[in-house]
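Colleague: My structure is in start-v1.tsv, and what it holds is TSV, C-alpha atoms:
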chain	number	residue	atom	x	y	z
H	1	MET	CA	0.00	0.00	0.00
H	2	PRO	CA	1.56	3.34	-1.04
H	3	HIS	CA	2.61	5.65	1.72
H	4	HIS	CA	1.12	9.15	1.19
H	5	GLY	CA	2.87	10.83	4.08
H	6	ILE	CA	6.05	12.98	3.81
H	7	SER	CA	9.17	11.00	4.37
H	8	PRO	CA	11.73	12.19	6.96
H	9	PHE	CA	14.25	12.79	4.13
H	10	ARG	CA	11.85	15.07	2.21
H	11	ALA	CA	10.98	16.96	5.37
H	12	LEU	CA	14.65	17.52	6.14
H	13	TYR	CA	15.24	18.67	2.52
H	14	ASP	CA	12.39	21.18	2.74
H	15	VAL	CA	13.73	22.66	5.97
H	16	MET	CA	17.44	22.80	5.19
H	17	VAL	CA	17.63	23.40	1.41
H	18	ILE	CA	14.45	25.15	0.27
H	19	GLN	CA	14.54	27.70	3.08
H	20	SER	CA	18.22	28.42	2.41
H	21	LEU	CA	17.50	29.05	-1.24
H	22	GLY	CA	14.66	31.35	-0.32
H	23	GLN	CA	17.05	33.57	1.63
H	24	CYS	CA	19.40	34.00	-1.36
H	25	ARG	CA	18.75	36.89	-3.72
H	26	PRO	CA	19.39	36.49	-7.42
H	27	ILE	CA	22.78	37.70	-8.55
H	28	SER	CA	21.22	40.39	-10.72
H	29	SER	CA	19.45	41.91	-7.68
H	30	ARG	CA	22.82	42.41	-5.94
H	31	LEU	CA	24.45	44.31	-8.85
H	32	PRO	CA	24.37	48.12	-8.81
H	33	ALA	CA	21.91	49.78	-11.13
H	34	LEU	CA	23.48	50.34	-14.53
H	35	THR	CA	23.08	54.10	-14.62
H	36	HIS	CA	25.35	56.80	-15.97
H	37	SER	CA	27.12	56.85	-12.60
H	38	ALA	CA	28.22	53.23	-12.96
H	39	PRO	CA	31.69	52.45	-14.35
H	40	ARG	CA	31.92	52.46	-18.16
H	41	TYR	CA	32.62	48.74	-18.33
H	42	LEU	CA	29.33	48.07	-16.49
H	43	GLN	CA	27.21	50.38	-18.63
H	44	PRO	CA	25.15	48.81	-21.44
H	45	VAL	CA	26.64	49.16	-24.89
H	46	GLY	CA	24.30	50.45	-27.56
H	47	ARG	CA	24.53	49.52	-31.22
H	48	ARG	CA	25.96	52.14	-33.53
H	49	GLN	CA	23.98	52.84	-36.62
H	50	PHE	CA	25.85	53.10	-39.91
H	51	SER	CA	24.39	54.29	-43.16
H	52	GLN	CA	25.39	53.00	-46.55
H	53	SER	CA	26.45	56.48	-47.65
H	54	ALA	CA	28.76	56.80	-44.64
H	55	VAL	CA	30.53	53.56	-45.56
H	56	ALA	CA	30.97	54.64	-49.17
H	57	TYR	CA	32.21	58.04	-48.05
H	58	THR	CA	34.81	56.41	-45.76
H	59	LYS	CA	36.10	54.18	-48.57
H	60	THR	CA	36.46	57.06	-51.00
H	61	ARG	CA	38.21	59.23	-48.43
H	62	ALA	CA	40.85	56.52	-48.01
H	63	ALA	CA	41.68	56.72	-51.70
H	64	GLU	CA	42.30	60.48	-51.71
H	65	LYS	CA	46.06	60.08	-51.71
H	66	ARG	CA	45.74	59.84	-55.49
H	67	ALA	CA	43.07	60.80	-57.99
H	68	LEU	CA	39.80	58.90	-57.73
H	69	TRP	CA	38.77	56.84	-60.72
H	70	ASN	CA	35.91	54.67	-61.98
H	71	ASP	CA	33.91	53.11	-59.11
H	72	GLU	CA	35.86	55.11	-56.52
H	73	ILE	CA	34.07	58.29	-57.59
H	74	PRO	CA	31.12	58.60	-55.14
H	75	ALA	CA	29.10	61.14	-57.16
H	76	ARG	CA	25.85	60.43	-58.99
H	77	TYR	CA	26.55	62.92	-61.76
H	78	ILE	CA	29.83	64.10	-63.28
H	79	LYS	CA	30.93	66.71	-65.81
H	80	LEU	CA	33.08	65.10	-68.48
H	81	VAL	CA	35.84	66.93	-70.34
H	82	ASN	CA	35.26	66.36	-74.06
H	83	ASP	CA	37.81	66.05	-76.88
H	84	GLU	CA	37.82	69.82	-77.35
H	85	GLY	CA	38.82	70.39	-73.73
H	86	LYS	CA	35.39	71.78	-72.81
H	87	LEU	CA	32.94	70.55	-70.18
H	88	ASN	CA	29.86	68.59	-71.14
H	89	GLU	CA	26.61	68.99	-69.28
H	90	PRO	CA	26.33	66.87	-66.07
H	91	GLU	CA	25.55	63.25	-66.88
H	92	PRO	CA	24.85	60.14	-64.77
H	93	LEU	CA	28.00	58.36	-63.66
H	94	ARG	CA	26.84	54.72	-63.68
H	95	PRO	CA	25.71	54.54	-67.31
H	96	LEU	CA	28.96	56.20	-68.35
H	97	LEU	CA	31.05	53.62	-66.47
H	98	ALA	CA	29.14	50.84	-68.22
H	99	SER	CA	29.80	52.36	-71.66
H	100	PHE	CA	33.56	51.71	-71.89
H	101	ASP	CA	36.06	48.89	-71.35
H	102	PRO	CA	37.85	49.50	-67.99
H	103	LYS	CA	40.83	47.48	-69.23
H	104	GLU	CA	41.44	50.07	-71.94
H	105	TRP	CA	40.02	53.27	-70.49
H	106	ARG	CA	39.81	54.91	-67.08
H	107	LEU	CA	37.51	57.69	-65.89
H	108	VAL	CA	39.65	59.93	-63.68
H	109	CYS	CA	38.28	62.57	-61.31
H	110	THR	CA	40.33	65.77	-61.66
H	111	GLU	CA	38.88	67.41	-58.53
H	112	LYS	CA	39.78	66.81	-54.91
H	113	MET	CA	36.95	65.78	-52.65
H	114	PRO	CA	35.99	68.60	-50.21
H	115	ASP	CA	36.96	68.22	-46.55
H	116	ASP	CA	33.71	69.70	-45.25
H	117	ARG	CA	32.18	67.42	-42.60
H	118	ASP	CA	28.67	68.11	-43.91
H	119	PHE	CA	29.69	67.31	-47.46
H	120	ASP	CA	27.46	64.75	-49.19
H	121	PRO	CA	29.32	63.12	-52.12
H	122	ARG	CA	26.03	62.01	-53.70
H	123	TYR	CA	25.27	65.59	-54.73
H	124	TRP	CA	28.82	66.33	-55.90
H	125	GLU	CA	29.30	66.92	-59.64
H	126	PRO	CA	33.08	66.70	-60.13
H	127	VAL	CA	34.98	67.30	-63.36
H	128	CYS	CA	36.31	64.05	-64.87
H	129	LYS	CA	38.25	63.01	-67.93
H	130	MET	CA	38.74	59.81	-69.91
H	131	VAL	CA	42.30	58.45	-69.90
H	132	ASN	CA	43.71	55.76	-72.17
H	133	ARG	CA	45.44	53.33	-69.81
H	134	LYS	CA	48.11	52.23	-72.29
H	135	GLU	CA	49.07	55.83	-73.13
H	136	GLU	CA	49.11	56.72	-69.44
H	137	TYR	CA	51.41	53.76	-68.71
H	138	GLU	CA	53.84	54.78	-71.46
H	139	LYS	CA	53.93	58.37	-70.18
H	140	GLU	CA	54.60	57.23	-66.63
H	141	LYS	CA	57.31	54.84	-67.80
H	142	ALA	CA	59.01	57.63	-69.78
H	143	ARG	CA	58.81	59.96	-66.79
H	144	LYS	CA	60.46	57.43	-64.46
H	145	THR	CA	63.19	56.73	-67.03
H	146	LYS	CA	63.87	60.44	-67.32
H	147	GLU	CA	64.05	60.88	-63.54
H	148	LYS	CA	66.36	57.86	-63.23
H	149	GLY	CA	68.69	59.30	-65.84
H	150	ALA	CA	68.63	62.72	-64.20
H	151	LYS	CA	69.86	61.24	-60.93
H	152	LYS	CA	73.03	60.01	-62.63
H	153	VAL	CA	74.05	63.54	-63.69
H	154	VAL	CA	76.92	64.56	-61.42
H	155	ASP	CA	77.96	68.12	-60.69
H	156	PRO	CA	81.64	68.22	-61.77
H	157	THR	CA	82.34	71.02	-59.29
H	158	SER	CA	81.30	68.88	-56.33
H	159	VAL	CA	84.17	67.69	-54.15
H	160	LYS	CA	84.27	64.41	-52.25
H	161	THR	CA	86.57	64.32	-49.23
H	162	LEU	CA	88.16	61.13	-47.89
H	163	GLU	CA	90.40	60.89	-44.85
H	164	LEU	CA	93.27	58.40	-44.60
H	165	ASN	CA	95.88	57.80	-41.96
H	166	TRP	CA	99.47	56.99	-42.87
H	167	ALA	CA	99.40	53.73	-40.89
H	168	ILE	CA	96.26	52.41	-42.62
H	169	ASP	CA	95.93	48.69	-43.33
H	170	VAL	CA	97.00	48.53	-46.97
H	171	ASN	CA	95.41	45.13	-47.63
H	172	ASN	CA	91.84	45.95	-46.54
H	173	ASP	CA	91.00	49.49	-45.48
H	174	LEU	CA	93.19	51.20	-48.07
H	175	ASN	CA	91.83	49.06	-50.91
H	176	HIS	CA	88.27	49.93	-49.90
H	177	ARG	CA	89.02	53.67	-49.72
H	178	LEU	CA	90.86	53.70	-53.04
H	179	ASN	CA	87.96	51.93	-54.73
H	180	LYS	CA	85.73	54.79	-53.59
H	181	VAL	CA	88.29	57.29	-54.93
H	182	LYS	CA	88.24	55.61	-58.34
H	183	GLU	CA	84.43	55.51	-58.33
H	184	PHE	CA	84.19	59.25	-57.67
H	185	LEU	CA	86.85	60.07	-60.25
H	186	ALA	CA	85.08	57.96	-62.87
H	187	GLU	CA	81.95	60.04	-62.27
H	188	GLY	CA	83.94	63.17	-63.10
H	189	ARG	CA	84.10	64.46	-59.54
H	190	ARG	CA	86.90	66.15	-57.71
H	191	VAL	CA	88.33	64.19	-54.78
H	192	GLU	CA	90.18	65.63	-51.84
H	193	ILE	CA	92.29	63.14	-49.88
H	194	VAL	CA	93.39	64.22	-46.42
H	195	LEU	CA	96.27	62.22	-44.89
H	196	ALA	CA	97.07	62.50	-41.19
H	197	LYS	CA	98.37	60.62	-38.17
H	198	LYS	CA	95.93	58.37	-36.43
H	199	LYS	CA	94.96	59.73	-33.03
H	200	ARG	CA	96.51	57.64	-30.25
H	201	GLY	CA	97.70	55.22	-32.91
H	202	ARG	CA	101.15	54.11	-33.90
H	203	VAL	CA	103.33	56.35	-36.05
H	204	ALA	CA	103.80	55.11	-39.61
H	205	THR	CA	107.30	54.58	-40.95
H	206	ARG	CA	108.61	56.55	-43.93
H	207	GLU	CA	108.37	53.39	-46.03
H	208	GLU	CA	104.68	52.97	-45.10
H	209	CYS	CA	103.95	56.61	-45.98
H	210	ASP	CA	105.63	56.28	-49.37
H	211	ASN	CA	103.67	53.09	-50.02
H	212	VAL	CA	100.35	54.87	-49.33
H	213	LEU	CA	101.25	57.68	-51.75
H	214	SER	CA	102.30	55.14	-54.36
H	215	ARG	CA	99.00	53.29	-54.06
H	216	ILE	CA	97.05	56.56	-54.46
H	217	ASN	CA	98.96	57.44	-57.63
H	218	ALA	CA	98.30	53.95	-59.02
H	219	ALA	CA	94.56	54.38	-58.37
H	220	ILE	CA	94.56	57.69	-60.24
H	221	GLU	CA	96.23	56.10	-63.26
H	222	GLU	CA	93.58	53.36	-63.37
H	223	VAL	CA	90.91	55.96	-64.19
H	224	LYS	CA	91.41	57.20	-67.74
H	225	GLY	CA	91.54	60.99	-67.83
H	226	ALA	CA	91.87	61.41	-64.04
H	227	LYS	CA	94.74	63.46	-62.65
H	228	GLN	CA	96.15	65.23	-59.65
H	229	ILE	CA	95.42	68.94	-60.22
H	230	LYS	CA	97.37	70.36	-57.32
H	231	ALA	CA	100.70	69.53	-55.70
H	232	MET	CA	100.48	67.86	-52.33
H	233	GLU	CA	100.18	70.32	-49.48
H	234	GLY	CA	101.60	69.51	-46.05
H	235	LYS	CA	104.25	66.97	-45.21
H	236	VAL	CA	104.69	63.23	-45.47
H	237	GLY	CA	103.90	61.52	-42.16
H	238	GLY	CA	102.07	64.60	-40.87
H	239	VAL	CA	98.96	66.34	-42.20
H	240	ALA	CA	98.84	66.43	-46.00
H	241	MET	CA	96.21	67.05	-48.68
H	242	LEU	CA	95.88	65.83	-52.28
H	243	LEU	CA	93.38	67.24	-54.78
H	244	LEU	CA	92.35	64.97	-57.66
H	245	GLU	CA	89.99	65.40	-60.59
H	246	GLY	CA	88.12	62.94	-62.77
H	247	PRO	CA	87.85	63.14	-66.57
H	248	LYS	CA	85.75	65.97	-67.94
H	249	ALA	CA	82.65	65.07	-69.90
H	250	SER	CA	83.10	65.58	-73.60
Now, as a test, write the supplied structure out as C-alpha coordinates.
Modeller:
Amino acid sequence: MPHHGISPFRALYDVMVIQSLGQCRPISSRLPALTHSAPRYLQPVGRRQFSQSAVAYTKTRAAEKRALWNDEIPARYIKLVNDEGKLNEPEPLRPLLASFDPKEWRLVCTEKMPDDRDFDPRYWEPVCKMVNRKEEYEKEKARKTKEKGAKKVVDPTSVKTLELNWAIDVNNDLNHRLNKVKEFLAEGRRVEIVLAKKKRGRVATREECDNVLSRINAAIEEVKGAKQIKAMEGKVGGVAMLLLEGPKAS
(Lines of atoms letter the chains of each structure in order from A and count residues from 1; the text may use other names and numbers.)
(Lines give C-alpha, C1' and ligand atoms only; values in the text may rest on other atoms or scores of the structure.)
Protein backbone atom coordinates (compact mmCIF):
# COMPACT_ATOMS: atom_id res chain seq x y z
CA MET A 1 0.00 0.00 0.00
CA PRO A 2 1.56 3.34 -1.04
CA HIS A 3 2.61 5.65 1.72
CA HIS A 4 1.12 9.15 1.19
CA GLY A 5 2.87 10.83 4.08
CA ILE A 6 6.05 12.98 3.81
CA SER A 7 9.17 11.00 4.37
CA PRO A 8 11.73 12.19 6.96
CA PHE A 9 14.25 12.79 4.13
CA ARG A 10 11.85 15.07 2.21
CA ALA A 11 10.98 16.96 5.37
CA LEU A 12 14.65 17.52 6.14
CA TYR A 13 15.24 18.67 2.52
CA ASP A 14 12.39 21.18 2.74
CA VAL A 15 13.73 22.66 5.97
CA MET A 16 17.44 22.80 5.19
CA VAL A 17 17.63 23.40 1.41
CA ILE A 18 14.45 25.15 0.27
CA GLN A 19 14.54 27.70 3.08
CA SER A 20 18.22 28.42 2.41
CA LEU A 21 17.50 29.05 -1.24
CA GLY A 22 14.66 31.35 -0.32
CA GLN A 23 17.05 33.57 1.63
CA CYS A 24 19.40 34.00 -1.36
CA ARG A 25 18.75 36.89 -3.72
CA PRO A 26 19.39 36.49 -7.42
CA ILE A 27 22.78 37.70 -8.55
CA SER A 28 21.22 40.39 -10.72
CA SER A 29 19.45 41.91 -7.68
CA ARG A 30 22.82 42.41 -5.94
CA LEU A 31 24.45 44.31 -8.85
CA PRO A 32 24.37 48.12 -8.81
CA ALA A 33 21.91 49.78 -11.13
CA LEU A 34 23.48 50.34 -14.53
CA THR A 35 23.08 54.10 -14.62
CA HIS A 36 25.35 56.80 -15.97
CA SER A 37 27.12 56.85 -12.60
CA ALA A 38 28.22 53.23 -12.96
CA PRO A 39 31.69 52.45 -14.35
CA ARG A 40 31.92 52.46 -18.16
CA TYR A 41 32.62 48.74 -18.33
CA LEU A 42 29.33 48.07 -16.49
CA GLN A 43 27.21 50.38 -18.63
CA PRO A 44 25.15 48.81 -21.44
CA VAL A 45 26.64 49.16 -24.89
CA GLY A 46 24.30 50.45 -27.56
CA ARG A 47 24.53 49.52 -31.22
CA ARG A 48 25.96 52.14 -33.53
CA GLN A 49 23.98 52.84 -36.62
CA PHE A 50 25.85 53.10 -39.91
CA SER A 51 24.39 54.29 -43.16
CA GLN A 52 25.39 53.00 -46.55
CA SER A 53 26.45 56.48 -47.65
CA ALA A 54 28.76 56.80 -44.64
CA VAL A 55 30.53 53.56 -45.56
CA ALA A 56 30.97 54.64 -49.17
CA TYR A 57 32.21 58.04 -48.05
CA THR A 58 34.81 56.41 -45.76
CA LYS A 59 36.10 54.18 -48.57
CA THR A 60 36.46 57.06 -51.00
CA ARG A 61 38.21 59.23 -48.43
CA ALA A 62 40.85 56.52 -48.01
CA ALA A 63 41.68 56.72 -51.70
CA GLU A 64 42.30 60.48 -51.71
CA LYS A 65 46.06 60.08 -51.71
CA ARG A 66 45.74 59.84 -55.49
CA ALA A 67 43.07 60.80 -57.99
CA LEU A 68 39.80 58.90 -57.73
CA TRP A 69 38.77 56.84 -60.72
CA ASN A 70 35.91 54.67 -61.98
CA ASP A 71 33.91 53.11 -59.11
CA GLU A 72 35.86 55.11 -56.52
CA ILE A 73 34.07 58.29 -57.59
CA PRO A 74 31.12 58.60 -55.14
CA ALA A 75 29.10 61.14 -57.16
CA ARG A 76 25.85 60.43 -58.99
CA TYR A 77 26.55 62.92 -61.76
CA ILE A 78 29.83 64.10 -63.28
CA LYS A 79 30.93 66.71 -65.81
CA LEU A 80 33.08 65.10 -68.48
CA VAL A 81 35.84 66.93 -70.34
CA ASN A 82 35.26 66.36 -74.06
CA ASP A 83 37.81 66.05 -76.88
CA GLU A 84 37.82 69.82 -77.35
CA GLY A 85 38.82 70.39 -73.73
CA LYS A 86 35.39 71.78 -72.81
CA LEU A 87 32.94 70.55 -70.18
CA ASN A 88 29.86 68.59 -71.14
CA GLU A 89 26.61 68.99 -69.28
CA PRO A 90 26.33 66.87 -66.07
CA GLU A 91 25.55 63.25 -66.88
CA PRO A 92 24.85 60.14 -64.77
CA LEU A 93 28.00 58.36 -63.66
CA ARG A 94 26.84 54.72 -63.68
CA PRO A 95 25.71 54.54 -67.31
CA LEU A 96 28.96 56.20 -68.35
CA LEU A 97 31.05 53.62 -66.47
CA ALA A 98 29.14 50.84 -68.22
CA SER A 99 29.80 52.36 -71.66
CA PHE A 100 33.56 51.71 -71.89
CA ASP A 101 36.06 48.89 -71.35
CA PRO A 102 37.85 49.50 -67.99
CA LYS A 103 40.83 47.48 -69.23
CA GLU A 104 41.44 50.07 -71.94
CA TRP A 105 40.02 53.27 -70.49
CA ARG A 106 39.81 54.91 -67.08
CA LEU A 107 37.51 57.69 -65.89
CA VAL A 108 39.65 59.93 -63.68
CA CYS A 109 38.28 62.57 -61.31
CA THR A 110 40.33 65.77 -61.66
CA GLU A 111 38.88 67.41 -58.53
CA LYS A 112 39.78 66.81 -54.91
CA MET A 113 36.95 65.78 -52.65
CA PRO A 114 35.99 68.60 -50.21
CA ASP A 115 36.96 68.22 -46.55
CA ASP A 116 33.71 69.70 -45.25
CA ARG A 117 32.18 67.42 -42.60
CA ASP A 118 28.67 68.11 -43.91
CA PHE A 119 29.69 67.31 -47.46
CA ASP A 120 27.46 64.75 -49.19
CA PRO A 121 29.32 63.12 -52.12
CA ARG A 122 26.03 62.01 -53.70
CA TYR A 123 25.27 65.59 -54.73
CA TRP A 124 28.82 66.33 -55.90
CA GLU A 125 29.30 66.92 -59.64
CA PRO A 126 33.08 66.70 -60.13
CA VAL A 127 34.98 67.30 -63.36
CA CYS A 128 36.31 64.05 -64.87
CA LYS A 129 38.25 63.01 -67.93
CA MET A 130 38.74 59.81 -69.91
CA VAL A 131 42.30 58.45 -69.90
CA ASN A 132 43.71 55.76 -72.17
CA ARG A 133 45.44 53.33 -69.81
CA LYS A 134 48.11 52.23 -72.29
CA GLU A 135 49.07 55.83 -73.13
CA GLU A 136 49.11 56.72 -69.44
CA TYR A 137 51.41 53.76 -68.71
CA GLU A 138 53.84 54.78 -71.46
CA LYS A 139 53.93 58.37 -70.18
CA GLU A 140 54.60 57.23 -66.63
CA LYS A 141 57.31 54.84 -67.80
CA ALA A 142 59.01 57.63 -69.78
CA ARG A 143 58.81 59.96 -66.79
CA LYS A 144 60.46 57.43 -64.46
CA THR A 145 63.19 56.73 -67.03
CA LYS A 146 63.87 60.44 -67.32
CA GLU A 147 64.05 60.88 -63.54
CA LYS A 148 66.36 57.86 -63.23
CA GLY A 149 68.69 59.30 -65.84
CA ALA A 150 68.63 62.72 -64.20
CA LYS A 151 69.86 61.24 -60.93
CA LYS A 152 73.03 60.01 -62.63
CA VAL A 153 74.05 63.54 -63.69
CA VAL A 154 76.92 64.56 -61.42
CA ASP A 155 77.96 68.12 -60.69
CA PRO A 156 81.64 68.22 -61.77
CA THR A 157 82.34 71.02 -59.29
CA SER A 158 81.30 68.88 -56.33
CA VAL A 159 84.17 67.69 -54.15
CA LYS A 160 84.27 64.41 -52.25
CA THR A 161 86.57 64.32 -49.23
CA LEU A 162 88.16 61.13 -47.89
CA GLU A 163 90.40 60.89 -44.85
CA LEU A 164 93.27 58.40 -44.60
CA ASN A 165 95.88 57.80 -41.96
CA TRP A 166 99.47 56.99 -42.87
CA ALA A 167 99.40 53.73 -40.89
CA ILE A 168 96.26 52.41 -42.62
CA ASP A 169 95.93 48.69 -43.33
CA VAL A 170 97.00 48.53 -46.97
CA ASN A 171 95.41 45.13 -47.63
CA ASN A 172 91.84 45.95 -46.54
CA ASP A 173 91.00 49.49 -45.48
CA LEU A 174 93.19 51.20 -48.07
CA ASN A 175 91.83 49.06 -50.91
CA HIS A 176 88.27 49.93 -49.90
CA ARG A 177 89.02 53.67 -49.72
CA LEU A 178 90.86 53.70 -53.04
CA ASN A 179 87.96 51.93 -54.73
CA LYS A 180 85.73 54.79 -53.59
CA VAL A 181 88.29 57.29 -54.93
CA LYS A 182 88.24 55.61 -58.34
CA GLU A 183 84.43 55.51 -58.33
CA PHE A 184 84.19 59.25 -57.67
CA LEU A 185 86.85 60.07 -60.25
CA ALA A 186 85.08 57.96 -62.87
CA GLU A 187 81.95 60.04 -62.27
CA GLY A 188 83.94 63.17 -63.10
CA ARG A 189 84.10 64.46 -59.54
CA ARG A 190 86.90 66.15 -57.71
CA VAL A 191 88.33 64.19 -54.78
CA GLU A 192 90.18 65.63 -51.84
CA ILE A 193 92.29 63.14 -49.88
CA VAL A 194 93.39 64.22 -46.42
CA LEU A 195 96.27 62.22 -44.89
CA ALA A 196 97.07 62.50 -41.19
CA LYS A 197 98.37 60.62 -38.17
CA LYS A 198 95.93 58.37 -36.43
CA LYS A 199 94.96 59.73 -33.03
CA ARG A 200 96.51 57.64 -30.25
CA GLY A 201 97.70 55.22 -32.91
CA ARG A 202 101.15 54.11 -33.90
CA VAL A 203 103.33 56.35 -36.05
CA ALA A 204 103.80 55.11 -39.61
CA THR A 205 107.30 54.58 -40.95
CA ARG A 206 108.61 56.55 -43.93
CA GLU A 207 108.37 53.39 -46.03
CA GLU A 208 104.68 52.97 -45.10
CA CYS A 209 103.95 56.61 -45.98
CA ASP A 210 105.63 56.28 -49.37
CA ASN A 211 103.67 53.09 -50.02
CA VAL A 212 100.35 54.87 -49.33
CA LEU A 213 101.25 57.68 -51.75
CA SER A 214 102.30 55.14 -54.36
CA ARG A 215 99.00 53.29 -54.06
CA ILE A 216 97.05 56.56 -54.46
CA ASN A 217 98.96 57.44 -57.63
CA ALA A 218 98.30 53.95 -59.02
CA ALA A 219 94.56 54.38 -58.37
CA ILE A 220 94.56 57.69 -60.24
CA GLU A 221 96.23 56.10 -63.26
CA GLU A 222 93.58 53.36 -63.37
CA VAL A 223 90.91 55.96 -64.19
CA LYS A 224 91.41 57.20 -67.74
CA GLY A 225 91.54 60.99 -67.83
CA ALA A 226 91.87 61.41 -64.04
CA LYS A 227 94.74 63.46 -62.65
CA GLN A 228 96.15 65.23 -59.65
CA ILE A 229 95.42 68.94 -60.22
CA LYS A 230 97.37 70.36 -57.32
CA ALA A 231 100.70 69.53 -55.70
CA MET A 232 100.48 67.86 -52.33
CA GLU A 233 100.18 70.32 -49.48
CA GLY A 234 101.60 69.51 -46.05
CA LYS A 235 104.25 66.97 -45.21
CA VAL A 236 104.69 63.23 -45.47
CA GLY A 237 103.90 61.52 -42.16
CA GLY A 238 102.07 64.60 -40.87
CA VAL A 239 98.96 66.34 -42.20
CA ALA A 240 98.84 66.43 -46.00
CA MET A 241 96.21 67.05 -48.68
CA LEU A 242 95.88 65.83 -52.28
CA LEU A 243 93.38 67.24 -54.78
CA LEU A 244 92.35 64.97 -57.66
CA GLU A 245 89.99 65.40 -60.59
CA GLY A 246 88.12 62.94 -62.77
CA PRO A 247 87.85 63.14 -66.57
CA LYS A 248 85.75 65.97 -67.94
CA ALA A 249 82.65 65.07 -69.90
CA SER A 250 83.10 65.58 -73.60
Colleague: Just the number, please: distance in Å from CA of Leu174 (chain H) to CA of Lys235 (chain H), one decimal.
Modeller: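 These two atoms are separated by 19.5 Å.
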Colleague: Quick one, how far is CA of Lys182 (chain H) from CA of Thr161 (chain H)?
Modeller: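 A separation of 12.7 Å between them.
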Colleague: Calculated over all atoms listed in the file, which of the candidates H:Leu93, H:Lys146, H:Leu244, H:Asn165 has the smallest distance to Lys198 (chain H)?
Modeller: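 Of all the options, H:Asn165 lies closest to Lys198 (chain H).
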Colleague: Extract, using all atoms listed in the file, all DNA, RNA and protein residues at most 7 Å from region 67-81 of chain H, discarding same-chain residues fewer than 5 positions from it, and format them as a PyMOL selection string.
Modeller: chain H and resi 60+86-93+97+106-110+121-129
Colleague: May I ask for the distance between CA of Gly238 (chain H) and CA of Leu164 (chain H), given in Å to one decimal place?
Modeller: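 Answer for the CA of Gly238 (chain H) to CA of Leu164 (chain H) separation: 11.4 Å.
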Colleague: Using all atoms listed in the file for the distances, tell me which of H:Glu111, H:Glu147, H:Asp101, H:Glu84 is nearest to Arg133 (chain H).
Modeller: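 Of the candidates, the smallest distance to Arg133 (chain H) is held by H:Asp101.
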Colleague: Distance table requested - region 166-191 of chain H against region 208-219 of chain H, cut-off 7 Å, only C-alpha atoms: one row per qualifying residue with the closest atom pair and its distance in Å to one decimal, ordered by chain and rising residue number, as a Markdown table.
Modeller:
| residue | atom | partner | partner_atom | distance |
| --- | --- | --- | --- | --- |
| H:Trp166 | CA | H:Cys209 | CA | 5.5 |
| H:Ala167 | CA | H:Glu208 | CA | 6.8 |
| H:Leu178 | CA | H:Ala219 | CA | 6.5 |
| H:Lys182 | CA | H:Ala219 | CA | 6.4 |
Colleague: With distances taken over only C-alpha atoms, which of H:Arg66, H:Lys224, H:Arg200, H:Lys180 is nearest to Glu163 (chain H)?
Modeller: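 Closest to Glu163 (chain H), using only C-alpha atoms: H:Lys180.
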Colleague: Return as lines of an AutoDock Vina configuration file the box centre and box size in Å, one decimal, for an axis-aligned box around all listed atoms of region 222-228 of chain H padded by 3 Å per side.
Modeller:
center_x = 93.5
center_y = 59.3
center_z = -63.7
size_x = 11.2
size_y = 17.9
size_z = 14.2
Colleague: Within 10 Å of Phe184 (chain H), counting only C-alpha atoms, which residues show up once you throw out same-chain ones fewer than 5 positions away? Write them as a list in words, please.
Modeller: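 Those residues are Val154, Val159, Lys160, Leu178, Asn179, Arg189, Arg190, Val191, Val223, Leu244, Glu245 and Gly246 of chain H.
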Colleague: Determine the nearest neighbour of Ala196 (chain H) from the options H:Val236, H:Asp115, H:Leu96, H:Lys134, counting all atoms listed in the file.
Modeller: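 Between H:Val236, H:Asp115, H:Leu96, H:Lys134, the residue approaching Ala196 (chain H) most closely is H:Val236.
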